[in-house]
file model.pdb (PDB, C-alpha atoms)
ATOM      1  CA  MET R   1      50.087  84.993 176.327  1.00  0.00           C
ATOM      2  CA  VAL R   2      53.356  83.171 176.924  1.00  0.00           C
ATOM      3  CA  ALA R   3      54.233  83.454 173.220  1.00  0.00           C
ATOM      4  CA  LEU R   4      53.817  87.249 173.337  1.00  0.00           C
ATOM      5  CA  LEU R   5      56.157  87.549 176.278  1.00  0.00           C
ATOM      6  CA  SER R   6      58.815  85.491 174.569  1.00  0.00           C
ATOM      7  CA  VAL R   7      58.498  87.576 171.375  1.00  0.00           C
ATOM      8  CA  LYS R   8      58.898  90.792 173.360  1.00  0.00           C
ATOM      9  CA  GLU R   9      61.896  89.384 175.176  1.00  0.00           C
ATOM     10  CA  GLY R  10      63.356  88.260 171.857  1.00  0.00           C
ATOM     11  CA  ILE R  11      62.994  91.746 170.384  1.00  0.00           C
ATOM     12  CA  GLN R  12      64.646  93.292 173.448  1.00  0.00           C
ATOM     13  CA  MET R  13      67.523  90.826 173.167  1.00  0.00           C
ATOM     14  CA  LEU R  14      67.999  91.654 169.477  1.00  0.00           C
ATOM     15  CA  ARG R  15      68.121  95.361 170.318  1.00  0.00           C
ATOM     16  CA  LYS R  16      70.768  94.723 172.967  1.00  0.00           C
ATOM     17  CA  ILE R  17      72.826  92.660 170.540  1.00  0.00           C
ATOM     18  CA  SER R  18      72.480  95.265 167.780  1.00  0.00           C
ATOM     19  CA  ARG R  19      73.922  97.945 170.089  1.00  0.00           C
ATOM     20  CA  LEU R  20      77.168  95.970 170.173  1.00  0.00           C
ATOM     21  CA  PHE R  21      77.682  96.727 166.474  1.00  0.00           C
ATOM     22  CA  VAL R  22      77.368 100.503 166.786  1.00  0.00           C
ATOM     23  CA  ILE R  23      80.565 102.548 166.705  1.00  0.00           C
ATOM     24  CA  LYS R  24      80.260 105.081 169.509  1.00  0.00           C
ATOM     25  CA  THR R  25      83.696 106.650 170.007  1.00  0.00           C
ATOM     26  CA  ARG R  26      86.660 107.707 167.906  1.00  0.00           C
ATOM     27  CA  GLY R  27      88.771 105.085 169.684  1.00  0.00           C
ATOM     28  CA  GLU R  28      86.458 102.313 168.510  1.00  0.00           C
ATOM     29  CA  ALA R  29      86.532 103.803 165.020  1.00  0.00           C
ATOM     30  CA  PHE R  30      90.330 103.797 164.927  1.00  0.00           C
ATOM     31  CA  LEU R  31      90.423 100.175 166.091  1.00  0.00           C
ATOM     32  CA  ILE R  32      88.059  99.191 163.298  1.00  0.00           C
ATOM     33  CA  ILE R  33      90.071 101.158 160.746  1.00  0.00           C
ATOM     34  CA  TYR R  34      93.238  99.443 161.988  1.00  0.00           C
ATOM     35  CA  ALA R  35      91.613  96.026 161.551  1.00  0.00           C
ATOM     36  CA  LEU R  36      90.492  96.996 158.052  1.00  0.00           C
ATOM     37  CA  ALA R  37      94.033  98.108 157.228  1.00  0.00           C
ATOM     38  CA  LEU R  38      95.498  94.811 158.417  1.00  0.00           C
ATOM     39  CA  GLY R  39      93.090  92.874 156.245  1.00  0.00           C
ATOM     40  CA  ALA R  40      93.700  95.130 153.253  1.00  0.00           C
ATOM     41  CA  THR R  41      97.472  94.816 153.430  1.00  0.00           C
ATOM     42  CA  SER R  42      97.159  91.061 153.810  1.00  0.00           C
ATOM     43  CA  ARG R  43      94.965  90.893 150.727  1.00  0.00           C
ATOM     44  CA  GLY R  44      97.308  93.298 148.933  1.00  0.00           C
ATOM     45  CA  THR R  45     100.309  91.040 149.531  1.00  0.00           C
ATOM     46  CA  GLN R  46      98.298  88.134 148.135  1.00  0.00           C
ATOM     47  CA  TYR R  47      97.650  90.211 145.030  1.00  0.00           C
ATOM     48  CA  LEU R  48     101.380  90.926 144.740  1.00  0.00           C
ATOM     49  CA  GLU R  49     102.086  87.191 144.779  1.00  0.00           C
ATOM     50  CA  GLN R  50      99.324  86.358 142.272  1.00  0.00           C
ATOM     51  CA  TYR R  51      99.989  89.275 139.924  1.00  0.00           C
ATOM     52  CA  PRO R  52     103.672  90.268 140.001  1.00  0.00           C
ATOM     53  CA  GLY R  53     104.523  93.613 138.518  1.00  0.00           C
ATOM     54  CA  GLY R  54     102.472  96.725 137.990  1.00  0.00           C
ATOM     55  CA  TRP R  55      99.028  95.142 138.191  1.00  0.00           C
ATOM     56  CA  GLY R  56      99.830  93.589 141.560  1.00  0.00           C
ATOM     57  CA  TRP R  57     100.939  96.952 142.920  1.00  0.00           C
ATOM     58  CA  ALA R  58      97.844  98.621 141.474  1.00  0.00           C
ATOM     59  CA  LEU R  59      95.591  96.116 143.250  1.00  0.00           C
ATOM     60  CA  PHE R  60      97.607  96.521 146.457  1.00  0.00           C
ATOM     61  CA  LEU R  61      97.124 100.292 146.328  1.00  0.00           C
ATOM     62  CA  ALA R  62      93.418  99.825 145.587  1.00  0.00           C
ATOM     63  CA  CYS R  63      93.064  97.724 148.748  1.00  0.00           C
ATOM     64  CA  THR R  64      94.805 100.281 150.933  1.00  0.00           C
ATOM     65  CA  GLY R  65      92.998 103.167 149.251  1.00  0.00           C
ATOM     66  CA  ALA R  66      89.675 101.577 150.103  1.00  0.00           C
ATOM     67  CA  VAL R  67      90.683 101.625 153.772  1.00  0.00           C
ATOM     68  CA  PHE R  68      91.444 105.349 153.574  1.00  0.00           C
ATOM     69  CA  LEU R  69      88.033 106.018 152.060  1.00  0.00           C
ATOM     70  CA  ALA R  70      86.206 103.801 154.564  1.00  0.00           C
ATOM     71  CA  GLY R  71      88.100 105.307 157.489  1.00  0.00           C
ATOM     72  CA  ALA R  72      87.279 108.830 156.392  1.00  0.00           C
ATOM     73  CA  LYS R  73      83.612 107.897 156.036  1.00  0.00           C
ATOM     74  CA  ILE R  74      83.502 106.289 159.489  1.00  0.00           C
ATOM     75  CA  LEU R  75      85.083 109.322 161.142  1.00  0.00           C
ATOM     76  CA  ASP R  76      82.812 111.732 159.239  1.00  0.00           C
ATOM     77  CA  CYS R  77      79.742 109.776 160.325  1.00  0.00           C
ATOM     78  CA  LEU R  78      80.814 109.941 163.967  1.00  0.00           C
ATOM     79  CA  LYS R  79      81.297 113.691 163.660  1.00  0.00           C
ATOM     80  CA  TYR R  80      77.899 114.090 161.995  1.00  0.00           C
ATOM     81  CA  GLU R  81      76.124 111.998 164.655  1.00  0.00           C
ATOM     82  CA  ARG R  82      77.755 113.979 167.468  1.00  0.00           C
ATOM     83  CA  GLU R  83      76.668 117.281 165.875  1.00  0.00           C
ATOM     84  CA  ALA R  84      73.144 115.962 165.283  1.00  0.00           C
ATOM     85  CA  LYS R  85      72.852 114.940 168.945  1.00  0.00           C
ATOM     86  CA  SER R  86      74.022 118.351 170.164  1.00  0.00           C
ATOM     87  CA  GLU R  87      71.524 120.102 167.854  1.00  0.00           C
ATOM     88  CA  ALA R  88      68.737 117.817 169.091  1.00  0.00           C
ATOM     89  CA  VAL R  89      69.542 118.782 172.675  1.00  0.00           C
ATOM     90  CA  VAL R  90      69.465 122.487 171.799  1.00  0.00           C
ATOM     91  CA  VAL R  91      66.120 122.120 169.994  1.00  0.00           C
ATOM     92  CA  ALA R  92      64.622 120.136 172.882  1.00  0.00           C
ATOM     93  CA  GLU R  93      65.166 122.948 175.401  1.00  0.00           C
ATOM     94  CA  PRO R  94      62.009 124.996 176.044  1.00  0.00           C
ATOM     95  CA  PRO R  95      62.043 128.622 174.922  1.00  0.00           C
ATOM     96  CA  ALA R  96      62.707 131.325 177.493  1.00  0.00           C
ATOM     97  CA  PRO R  97      59.552 132.993 178.856  1.00  0.00           C
ATOM     98  CA  LEU R  98      58.724 136.433 177.527  1.00  0.00           C
ATOM     99  CA  HIS R  99      58.435 139.234 180.096  1.00  0.00           C
TER     100      HIS R  99
END
call {"tool": "encode", "arguments": {"input": "model.pdb", "output": "structure tokens"}}
result
Amino acid sequence: MVALLSVKEGIQMLRKISRLFVIKTRGEAFLIIYALALGATSRGTQYLEQYPGGWGWALFLACTGAVFLAGAKILDCLKYEREAKSEAVVVAEPPAPLH
């Protein structure tokens, strides 16, 4: 009996922790995109040092381009989730009575 309670509590704790990793607002999304951009430019400058010339610049642009694609996907997903929630609320309302 004690083992079941601790398993249930463990599952609840994991659910609480997993909610920390969900992007809920556009502000959070922009902060994550900013962090991705910082990391990408840092990696891009390392590529420029390792591969001077055209290939270094190509890899640098690939790093920053990946951030643009990821950022667009994050923002699109937030928009989609918001629209899905609003549609779910509309569907959940009971139909008007017929007179």
call {"tool": "atom_distance", "arguments": {"input": "model.pdb", "atom1": "atom CA of R:Pro52", "atom2": "atom CA of R:Ala40"}}
result
17.3 Å
call {"tool": "closest_residue", "arguments": {"input": "model.pdb", "among": "R:Thr41, R:Ser18, R:Gln46, R:Ser86", "to": "R:Val67", "atoms": "only C-alpha atoms"}}
result
R:Thr41
call {"tool": "atom_distance", "arguments": {"input": "model.pdb", "atom1": "atom CA of R:Lys73", "atom2": "atom CA of R:Tyr51"}}
result
29.6 Å
call {"tool": "closest_residue", "arguments": {"input": "model.pdb", "among": "R:Leu75, R:Ala88, R:Ile11, R:Leu61", "to": "R:Leu31", "atoms": "only C-alpha atoms"}}
result
R:Leu75
call {"tool": "residues_near_point", "arguments": {"input": "model.pdb", "point": "(100.1, 93.7, 141.9)", "cutoff": "7 Å", "atoms": "all atoms listed in the file", "output": "number ranges by chain"}}
result
R: 47-48, 51-60
call {"tool": "write_last_selection", "arguments": {"input": "model.pdb", "atoms": "C-alpha atoms", "output": "CSV table (one decimal), in the frame of the given file"}}
result
chain,number,residue,atom,x,y,z
R,47,TYR,CA,97.6,90.2,145.0
R,48,LEU,CA,101.4,90.9,144.7
R,51,TYR,CA,100.0,89.3,139.9
R,52,PRO,CA,103.7,90.3,140.0
R,53,GLY,CA,104.5,93.6,138.5
R,54,GLY,CA,102.5,96.7,138.0
R,55,TRP,CA,99.0,95.1,138.2
R,56,GLY,CA,99.8,93.6,141.6
R,57,TRP,CA,100.9,97.0,142.9
R,58,ALA,CA,97.8,98.6,141.5
R,59,LEU,CA,95.6,96.1,143.2
R,60,PHE,CA,97.6,96.5,146.5
call {"tool": "resolve_selection", "arguments": {"input": "model.pdb", "expression": "the PyMOL selection byres ((chain R and resi 74) around 12)", "output": "MDAnalysis selection string"}}
result
chainID R and resid 22:33 36 67:73 75:81
call {"tool": "write_last_selection", "arguments": {"input": "model.pdb", "atoms": "C-alpha atoms", "output": "PDB file, in the frame of the given file"}}
result
ATOM      1  CA  VAL R  22      77.368 100.503 166.786  1.00  0.00           C
ATOM      2  CA  ILE R  23      80.565 102.548 166.705  1.00  0.00           C
ATOM      3  CA  LYS R  24      80.260 105.081 169.509  1.00  0.00           C
ATOM      4  CA  THR R  25      83.696 106.650 170.007  1.00  0.00           C
ATOM      5  CA  ARG R  26      86.660 107.707 167.906  1.00  0.00           C
ATOM      6  CA  GLY R  27      88.771 105.085 169.684  1.00  0.00           C
ATOM      7  CA  GLU R  28      86.458 102.313 168.510  1.00  0.00           C
ATOM      8  CA  ALA R  29      86.532 103.803 165.020  1.00  0.00           C
ATOM      9  CA  PHE R  30      90.330 103.797 164.927  1.00  0.00           C
ATOM     10  CA  LEU R  31      90.423 100.175 166.091  1.00  0.00           C
ATOM     11  CA  ILE R  32      88.059  99.191 163.298  1.00  0.00           C
ATOM     12  CA  ILE R  33      90.071 101.158 160.746  1.00  0.00           C
ATOM     13  CA  LEU R  36      90.492  96.996 158.052  1.00  0.00           C
ATOM     14  CA  VAL R  67      90.683 101.625 153.772  1.00  0.00           C
ATOM     15  CA  PHE R  68      91.444 105.349 153.574  1.00  0.00           C
ATOM     16  CA  LEU R  69      88.033 106.018 152.060  1.00  0.00           C
ATOM     17  CA  ALA R  70      86.206 103.801 154.564  1.00  0.00           C
ATOM     18  CA  GLY R  71      88.100 105.307 157.489  1.00  0.00           C
ATOM     19  CA  ALA R  72      87.279 108.830 156.392  1.00  0.00           C
ATOM     20  CA  LYS R  73      83.612 107.897 156.036  1.00  0.00           C
ATOM     21  CA  LEU R  75      85.083 109.322 161.142  1.00  0.00           C
ATOM     22  CA  ASP R  76      82.812 111.732 159.239  1.00  0.00           C
ATOM     23  CA  CYS R  77      79.742 109.776 160.325  1.00  0.00           C
ATOM     24  CA  LEU R  78      80.814 109.941 163.967  1.00  0.00           C
ATOM     25  CA  LYS R  79      81.297 113.691 163.660  1.00  0.00           C
ATOM     26  CA  TYR R  80      77.899 114.090 161.995  1.00  0.00           C
ATOM     27  CA  GLU R  81      76.124 111.998 164.655  1.00  0.00           C
TER      28      GLU R  81
END
call {"tool": "atom_distance", "arguments": {"input": "model.pdb", "atom1": "atom CA of R:Arg82", "atom2": "atom CA of R:Arg19"}}
result
16.7 Å
call {"tool": "axis_aligned_box", "arguments": {"input": "model.pdb", "around": "stretch 17-32 of chain R", "padding_each_side": "8 Å", "output": "JSON"}}
result
{"center_x": 81.5, "center_y": 100.2, "center_z": 166.9, "size_x": 33.9, "size_y": 31.0, "size_z": 23.2}
call {"tool": "closest_residue", "arguments": {"input": "model.pdb", "among": "R:Val7, R:Ala84, R:Thr64, R:Leu14", "to": "R:Tyr34", "atoms": "all atoms listed in the file"}}
result
R:Thr64
call {"tool": "build_atoms", "arguments": {"input": "model.pdb", "residues": "stretch 70-90 of chain R", "atoms": "N, CA and C atoms", "output": "PDB file, in the frame of the given file"}}
result
ATOM      1  N   ALA R  70      87.115 104.315 153.532  1.00  0.00           N
ATOM      2  CA  ALA R  70      86.206 103.801 154.564  1.00  0.00           C
ATOM      3  C   ALA R  70      86.485 104.474 155.906  1.00  0.00           C
ATOM      4  N   GLY R  71      87.749 104.654 156.229  1.00  0.00           N
ATOM      5  CA  GLY R  71      88.100 105.307 157.489  1.00  0.00           C
ATOM      6  C   GLY R  71      87.613 106.733 157.540  1.00  0.00           C
ATOM      7  N   ALA R  72      87.766 107.453 156.434  1.00  0.00           N
ATOM      8  CA  ALA R  72      87.279 108.830 156.392  1.00  0.00           C
ATOM      9  C   ALA R  72      85.768 108.871 156.565  1.00  0.00           C
ATOM     10  N   LYS R  73      85.073 107.938 155.931  1.00  0.00           N
ATOM     11  CA  LYS R  73      83.612 107.897 156.036  1.00  0.00           C
ATOM     12  C   LYS R  73      83.170 107.575 157.468  1.00  0.00           C
ATOM     13  N   ILE R  74      83.845 106.651 158.106  1.00  0.00           N
ATOM     14  CA  ILE R  74      83.502 106.289 159.489  1.00  0.00           C
ATOM     15  C   ILE R  74      83.687 107.490 160.406  1.00  0.00           C
ATOM     16  N   LEU R  75      84.818 108.166 160.281  1.00  0.00           N
ATOM     17  CA  LEU R  75      85.083 109.322 161.142  1.00  0.00           C
ATOM     18  C   LEU R  75      84.121 110.474 160.849  1.00  0.00           C
ATOM     19  N   ASP R  76      83.786 110.694 159.578  1.00  0.00           N
ATOM     20  CA  ASP R  76      82.812 111.732 159.239  1.00  0.00           C
ATOM     21  C   ASP R  76      81.438 111.420 159.817  1.00  0.00           C
ATOM     22  N   CYS R  77      81.051 110.161 159.780  1.00  0.00           N
ATOM     23  CA  CYS R  77      79.742 109.776 160.325  1.00  0.00           C
ATOM     24  C   CYS R  77      79.692 109.994 161.836  1.00  0.00           C
ATOM     25  N   LEU R  78      80.781 109.693 162.523  1.00  0.00           N
ATOM     26  CA  LEU R  78      80.814 109.941 163.967  1.00  0.00           C
ATOM     27  C   LEU R  78      80.677 111.431 164.264  1.00  0.00           C
ATOM     28  N   LYS R  79      81.370 112.244 163.480  1.00  0.00           N
ATOM     29  CA  LYS R  79      81.297 113.691 163.660  1.00  0.00           C
ATOM     30  C   LYS R  79      79.874 114.188 163.403  1.00  0.00           C
ATOM     31  N   TYR R  80      79.264 113.690 162.330  1.00  0.00           N
ATOM     32  CA  TYR R  80      77.899 114.090 161.995  1.00  0.00           C
ATOM     33  C   TYR R  80      76.919 113.685 163.094  1.00  0.00           C
ATOM     34  N   GLU R  81      77.037 112.460 163.607  1.00  0.00           N
ATOM     35  CA  GLU R  81      76.124 111.998 164.655  1.00  0.00           C
ATOM     36  C   GLU R  81      76.282 112.820 165.932  1.00  0.00           C
ATOM     37  N   ARG R  82      77.522 113.171 166.272  1.00  0.00           N
ATOM     38  CA  ARG R  82      77.755 113.979 167.468  1.00  0.00           C
ATOM     39  C   ARG R  82      77.121 115.362 167.309  1.00  0.00           C
ATOM     40  N   GLU R  83      77.268 115.975 166.116  1.00  0.00           N
ATOM     41  CA  GLU R  83      76.668 117.281 165.875  1.00  0.00           C
ATOM     42  C   GLU R  83      75.142 117.198 165.870  1.00  0.00           C
ATOM     43  N   ALA R  84      74.593 116.124 165.313  1.00  0.00           N
ATOM     44  CA  ALA R  84      73.144 115.962 165.283  1.00  0.00           C
ATOM     45  C   ALA R  84      72.586 115.806 166.699  1.00  0.00           C
ATOM     46  N   LYS R  85      73.307 115.088 167.552  1.00  0.00           N
ATOM     47  CA  LYS R  85      72.852 114.940 168.945  1.00  0.00           C
ATOM     48  C   LYS R  85      72.874 116.275 169.670  1.00  0.00           C
ATOM     49  N   SER R  86      73.936 117.063 169.469  1.00  0.00           N
ATOM     50  CA  SER R  86      74.022 118.351 170.164  1.00  0.00           C
ATOM     51  C   SER R  86      72.940 119.305 169.667  1.00  0.00           C
ATOM     52  N   GLU R  87      72.612 119.271 168.370  1.00  0.00           N
ATOM     53  CA  GLU R  87      71.524 120.102 167.854  1.00  0.00           C
ATOM     54  C   GLU R  87      70.184 119.639 168.393  1.00  0.00           C
ATOM     55  N   ALA R  88      69.991 118.339 168.555  1.00  0.00           N
ATOM     56  CA  ALA R  88      68.737 117.817 169.091  1.00  0.00           C
ATOM     57  C   ALA R  88      68.553 118.265 170.531  1.00  0.00           C
ATOM     58  N   VAL R  89      69.626 118.335 171.290  1.00  0.00           N
ATOM     59  CA  VAL R  89      69.542 118.782 172.675  1.00  0.00           C
ATOM     60  C   VAL R  89      69.185 120.257 172.709  1.00  0.00           C
ATOM     61  N   VAL R  90      69.757 121.055 171.829  1.00  0.00           N
ATOM     62  CA  VAL R  90      69.465 122.487 171.799  1.00  0.00           C
ATOM     63  C   VAL R  90      68.013 122.711 171.399  1.00  0.00           C
TER      64      VAL R  90
END
